[in-house]
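Student: Shown below is the structure under consideration.
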Amino acid sequence: MNWQPFRGNAPANMTIYSAAFPDVSDQWPMKDDTAREINALNQALKAEPALLPPLLESEEGGQTVLIPQHRYSEQAYRNRPALAAWRTRLVPSALALFAVQNPLEERLPEGTKMDSESRRWFIHANDAIGIRSRAKVLAAMVEKYIHNDIENGWISLASGAAIPVLEALRSAKLDGQQVFLSLVDNDPVALRWAETMAAQEGLTVGEQLTLLRRNLVHTLVRSEDLLLELGEHQAELVDALGIFEYFNDVDAVIFLRRALRLVKPGGAVIVSNMLTTSPQIDFALRCIGWSHIFPRTLQQLQEIHIAAGVPVENVTVVVPKDGVYAVMEVRV
Ligand SMILES: C[S@@+](CC[C@H](N)C(=O)[O-])C[C@H]1O[C@@H](n2cnc3c(N)ncnc32)[C@H](O)[C@@H]1O
């Protein structure tokens, strides 16, 4: 494990660690310059809380255009065509994450050629580092759950293109165990990408892989349909990276409570949430303009799991050094 002592503010009774991982940004030029540049934008945004994220407007002919709402957004997007295409056409889909998870690709998933200025930000922006590090936390956490038996069930809620799941499976070095994966997402494009990427790992639909196009709000938060469909206590593991912060507190409690019912005794649910203390949060939310989410404190995350009926001793939290996300392992 890469876990280290956590030095930030956290509830006294929370089991919490920090973690550091190798990242593509370690070897890429202009790391410090880029951090300074983005920190300056972040500070400028922090000083002006009224500044809003860019808007997207449909033009005649059906094309969507990005309209910055202040000079910092204008500055950010001016010489970064790939970043502008990414924000306009891919955010908040899982394919937006693909570009962050694979910043050395020549093109974005929708075809735009990557330019060097955009690439530098996809590599060095702290939020991009955080998206990659939360996947590494997941990989480190899941090992013990998928090494257990000969057959293991893993349900990924809001799987997107399943990049963190597939990375975790690759790094788990399974020793004859089989993992049956159910990927749930409401975006058919993301699921198609997931299918293609899973096939590269030898996972095929109808054998080890099930794809479910479902809306988690309708089928897990507002109803129990997904519980009925997948069955209670069937999976060793449920992951839900990158979705918790889209739910308000009431929905997050229901979501967690029901996700836990999918898990066998001895298994776990792993969720992530952006922290309010994420170092470049104003840049990410109001300069780049990621879609509306609920960043949370560690205290709020603890209140949510307690409200979902999970005692503090069943939860371990890991916050990577970049400080963007908390990843919670909630054991059943
Ligand atoms: C930020 S991405 C996370 C993808 C993946 N878990 C990862 O970490 O790479 C969020 C995903 O949630 C999906 N999503 C958002 N709202 C959803 C909903 N109500 N029901 C099902 N999926 C949803 C999106 O389609 C997207 O693929």
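Quick note on naming: the chains in the structure tokens go A, B, ... in the order shown, residues restart at 1 in each chain, and ligands are numbered from 1 in order of appearance.
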Kindly work out which residues sit at most 6 Å from ligand 1, using only C-alpha atoms and all ligand atoms, and give the list as a list in words.

Tutor: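 Counting only C-alpha atoms and all ligand atoms, the residues within 6 Å of ligand 1 come out as Ser93, Ala94, Leu97, Ala158, Ser159, Gly160, Ala162, Ile163, Pro164, Asp185, Asn186, Asp187, Ala190, Arg214, Asn215, Leu216, Val217, Ala240, Leu241, Gly242 and Ile243 of chain A.
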
Student: Can those selected residues be exported to a file as an mmCIF file, in the first residue's frame so that it contains N, CA, C and O atoms?

Tutor:
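File result03.cif, as written:
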```cif
data_model
loop_
_atom_site.group_PDB
_atom_site.id
_atom_site.type_symbol
_atom_site.label_atom_id
_atom_site.label_comp_id
_atom_site.auth_asym_id
_atom_site.auth_seq_id
_atom_site.Cartn_x
_atom_site.Cartn_y
_atom_site.Cartn_z
ATOM 1 N N SER A 93 -19.085 14.346 -19.798
ATOM 2 C CA SER A 93 -19.181 12.905 -20.080
ATOM 3 C C SER A 93 -17.892 12.186 -19.685
ATOM 4 O O SER A 93 -16.857 12.805 -19.433
ATOM 5 N N ALA A 94 -17.975 10.869 -19.688
ATOM 6 C CA ALA A 94 -16.798 10.068 -19.340
ATOM 7 C C ALA A 94 -15.690 10.260 -20.371
ATOM 8 O O ALA A 94 -14.516 10.068 -20.066
ATOM 9 N N LEU A 97 -13.166 12.616 -19.291
ATOM 10 C CA LEU A 97 -12.162 12.021 -18.403
ATOM 11 C C LEU A 97 -11.131 11.243 -19.197
ATOM 12 O O LEU A 97 -9.959 11.200 -18.822
ATOM 13 N N ALA A 158 -21.962 4.318 -12.563
ATOM 14 C CA ALA A 158 -21.421 5.472 -13.295
ATOM 15 C C ALA A 158 -20.020 5.125 -13.792
ATOM 16 O O ALA A 158 -19.063 5.873 -13.604
ATOM 17 N N SER A 159 -19.935 3.986 -14.435
ATOM 18 C CA SER A 159 -18.636 3.440 -14.867
ATOM 19 C C SER A 159 -17.961 4.312 -15.901
ATOM 20 O O SER A 159 -16.744 4.283 -16.031
ATOM 21 N N GLY A 160 -18.737 5.068 -16.664
ATOM 22 C CA GLY A 160 -18.158 5.780 -17.797
ATOM 23 C C GLY A 160 -17.485 4.796 -18.726
ATOM 24 O O GLY A 160 -17.998 3.687 -18.964
ATOM 25 N N ALA A 162 -15.013 3.119 -18.051
ATOM 26 C CA ALA A 162 -14.457 2.058 -17.190
ATOM 27 C C ALA A 162 -12.927 2.076 -17.124
ATOM 28 O O ALA A 162 -12.311 1.054 -16.831
ATOM 29 N N ILE A 163 -12.343 3.213 -17.362
ATOM 30 C CA ILE A 163 -10.875 3.261 -17.395
ATOM 31 C C ILE A 163 -10.274 2.914 -16.023
ATOM 32 O O ILE A 163 -9.389 2.052 -15.937
ATOM 33 N N PRO A 164 -10.768 3.505 -14.933
ATOM 34 C CA PRO A 164 -10.191 3.134 -13.634
ATOM 35 C C PRO A 164 -10.396 1.646 -13.312
ATOM 36 O O PRO A 164 -9.509 0.999 -12.761
ATOM 37 N N ASP A 185 -24.190 2.789 -16.521
ATOM 38 C CA ASP A 185 -24.039 4.211 -16.844
ATOM 39 C C ASP A 185 -25.231 4.582 -17.729
ATOM 40 O O ASP A 185 -25.787 3.729 -18.414
ATOM 41 N N ASN A 186 -25.611 5.861 -17.710
ATOM 42 C CA ASN A 186 -26.736 6.225 -18.575
ATOM 43 C C ASN A 186 -26.289 6.752 -19.939
ATOM 44 O O ASN A 186 -27.126 7.125 -20.755
ATOM 45 N N ASP A 187 -24.986 6.754 -20.181
ATOM 46 C CA ASP A 187 -24.486 7.310 -21.438
ATOM 47 C C ASP A 187 -24.078 6.162 -22.377
ATOM 48 O O ASP A 187 -23.084 5.472 -22.127
ATOM 49 N N ALA A 190 -20.427 6.279 -23.678
ATOM 50 C CA ALA A 190 -19.419 5.839 -22.700
ATOM 51 C C ALA A 190 -19.410 4.316 -22.607
ATOM 52 O O ALA A 190 -18.342 3.690 -22.550
ATOM 53 N N ARG A 214 -28.472 2.466 -17.572
ATOM 54 C CA ARG A 214 -29.496 2.800 -16.585
ATOM 55 C C ARG A 214 -29.212 4.170 -15.998
ATOM 56 O O ARG A 214 -28.055 4.548 -15.827
ATOM 57 N N ASN A 215 -30.288 4.882 -15.650
ATOM 58 C CA ASN A 215 -30.147 6.149 -14.943
ATOM 59 C C ASN A 215 -30.150 5.848 -13.444
ATOM 60 O O ASN A 215 -31.126 5.319 -12.913
ATOM 61 N N LEU A 216 -29.052 6.170 -12.789
ATOM 62 C CA LEU A 216 -28.912 5.820 -11.366
ATOM 63 C C LEU A 216 -29.875 6.604 -10.487
ATOM 64 O O LEU A 216 -30.258 6.132 -9.417
ATOM 65 N N VAL A 217 -30.243 7.792 -10.918
ATOM 66 C CA VAL A 217 -31.221 8.552 -10.121
ATOM 67 C C VAL A 217 -32.550 7.809 -10.141
ATOM 68 O O VAL A 217 -33.159 7.546 -9.107
ATOM 69 N N ALA A 240 -18.030 3.533 -7.310
ATOM 70 C CA ALA A 240 -18.822 4.649 -7.846
ATOM 71 C C ALA A 240 -17.919 5.883 -7.820
ATOM 72 O O ALA A 240 -18.109 6.800 -7.038
ATOM 73 N N LEU A 241 -16.904 5.856 -8.681
ATOM 74 C CA LEU A 241 -15.987 7.001 -8.751
ATOM 75 C C LEU A 241 -16.618 8.077 -9.622
ATOM 76 O O LEU A 241 -17.124 7.791 -10.698
ATOM 77 N N GLY A 242 -16.577 9.300 -9.129
ATOM 78 C CA GLY A 242 -16.963 10.417 -9.990
ATOM 79 C C GLY A 242 -18.461 10.612 -10.128
ATOM 80 O O GLY A 242 -18.909 11.214 -11.105
ATOM 81 N N ILE A 243 -19.260 10.130 -9.182
ATOM 82 C CA ILE A 243 -20.707 10.339 -9.278
ATOM 83 C C ILE A 243 -21.298 10.912 -7.987
ATOM 84 O O ILE A 243 -22.265 11.670 -8.021
#
```

Student: What's the 8 Å shell around A:Arg134, counting only C-alpha atoms, without same-chain residues fewer than 2 positions away, as a VMD selection string?

Tutor: chain A and resid 130 to 132 136 to 138 272 320 325 to 327

Student: Skipping near chain neighbours, those fewer than 6 positions away, what residues fall within 9 Å of A:Leu95 using only C-alpha atoms, listed as a compact mmCIF listing (two decimals) with all heavy atoms, in the first residue's frame?

Tutor:
```
# COMPACT_ATOMS: atom_id res chain seq x y z
N TRP A 86 -12.79 20.20 -25.92
CA TRP A 86 -13.04 19.27 -24.79
C TRP A 86 -14.17 19.78 -23.92
O TRP A 86 -15.11 19.07 -23.60
CB TRP A 86 -11.72 19.17 -24.01
CG TRP A 86 -11.73 18.41 -22.74
CD1 TRP A 86 -11.58 17.06 -22.59
CD2 TRP A 86 -11.84 18.96 -21.41
NE1 TRP A 86 -11.60 16.74 -21.24
CE2 TRP A 86 -11.75 17.88 -20.51
CE3 TRP A 86 -12.00 20.25 -20.90
CZ2 TRP A 86 -11.83 18.05 -19.12
CZ3 TRP A 86 -12.07 20.43 -19.53
CH2 TRP A 86 -11.98 19.34 -18.66
N LEU A 108 -8.44 14.06 -29.18
CA LEU A 108 -9.50 13.86 -28.20
C LEU A 108 -10.44 12.78 -28.75
O LEU A 108 -10.48 12.55 -29.96
CB LEU A 108 -10.31 15.15 -28.03
CG LEU A 108 -9.59 16.36 -27.46
CD1 LEU A 108 -10.57 17.54 -27.38
CD2 LEU A 108 -9.01 16.06 -26.10
N PRO A 109 -11.24 12.16 -27.88
CA PRO A 109 -12.14 11.12 -28.37
C PRO A 109 -13.09 11.60 -29.48
O PRO A 109 -13.53 10.78 -30.28
CB PRO A 109 -12.92 10.72 -27.12
CG PRO A 109 -12.02 11.03 -25.99
CD PRO A 109 -11.25 12.26 -26.41
N GLU A 110 -13.40 12.90 -29.55
CA GLU A 110 -14.31 13.35 -30.61
C GLU A 110 -13.54 13.78 -31.86
O GLU A 110 -14.15 14.25 -32.82
CB GLU A 110 -15.27 14.44 -30.14
CG GLU A 110 -14.69 15.56 -29.33
CD GLU A 110 -13.76 16.48 -30.12
OE1 GLU A 110 -14.24 17.43 -30.78
OE2 GLU A 110 -12.55 16.23 -30.06
N GLY A 160 -18.74 5.07 -16.66
CA GLY A 160 -18.16 5.78 -17.80
C GLY A 160 -17.49 4.80 -18.73
O GLY A 160 -18.00 3.69 -18.96
N ALA A 161 -16.30 5.16 -19.21
CA ALA A 161 -15.57 4.27 -20.12
C ALA A 161 -14.81 3.19 -19.35
O ALA A 161 -14.02 2.45 -19.94
CB ALA A 161 -14.62 5.08 -20.99
N VAL A 189 -22.72 6.19 -25.24
CA VAL A 189 -21.41 6.38 -25.89
C VAL A 189 -20.30 5.89 -24.95
O VAL A 189 -19.38 5.17 -25.35
CB VAL A 189 -21.20 7.87 -26.27
CG1 VAL A 189 -19.84 8.07 -26.91
CG2 VAL A 189 -22.31 8.33 -27.20
N ALA A 190 -20.43 6.28 -23.68
CA ALA A 190 -19.42 5.84 -22.70
C ALA A 190 -19.41 4.32 -22.61
O ALA A 190 -18.34 3.69 -22.55
CB ALA A 190 -19.71 6.46 -21.34
N TRP A 193 -17.56 2.79 -25.49
CA TRP A 193 -16.11 2.89 -25.28
C TRP A 193 -15.66 1.85 -24.27
O TRP A 193 -14.63 1.21 -24.43
CB TRP A 193 -15.74 4.30 -24.78
CG TRP A 193 -15.49 5.24 -25.92
CD1 TRP A 193 -16.42 5.68 -26.80
CD2 TRP A 193 -14.24 5.83 -26.30
NE1 TRP A 193 -15.84 6.52 -27.71
CE2 TRP A 193 -14.50 6.63 -27.42
CE3 TRP A 193 -12.95 5.77 -25.80
CZ2 TRP A 193 -13.50 7.36 -28.06
CZ3 TRP A 193 -11.96 6.50 -26.43
CH2 TRP A 193 -12.23 7.28 -27.56
```

Student: Work out how far apart atom CA of A:Glu151 and atom CA of A:Val179 are and give it in Å to one decimal.

Tutor: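 About the pair atom CA of A:Glu151 and atom CA of A:Val179: they are 5.9 Å apart.
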
Student: Taking into account only C-alpha atoms, which residue in the set A:Leu212, A:Ile155, A:Ala307, A:Val319 is nearest to A:Asn2?

Tutor: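 Nearest candidate to A:Asn2 out of A:Leu212, A:Ile155, A:Ala307, A:Val319: A:Val319.
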
Student: I'd like to know which residues of stretch 84-166 of chain A are strand (DSSP E) (by DSSP, run on the backbone); could you write them as a list in words?

Tutor: Glu151, Asn152, Gly153, Trp154, Ile155, Ser156 and Leu157 of chain A
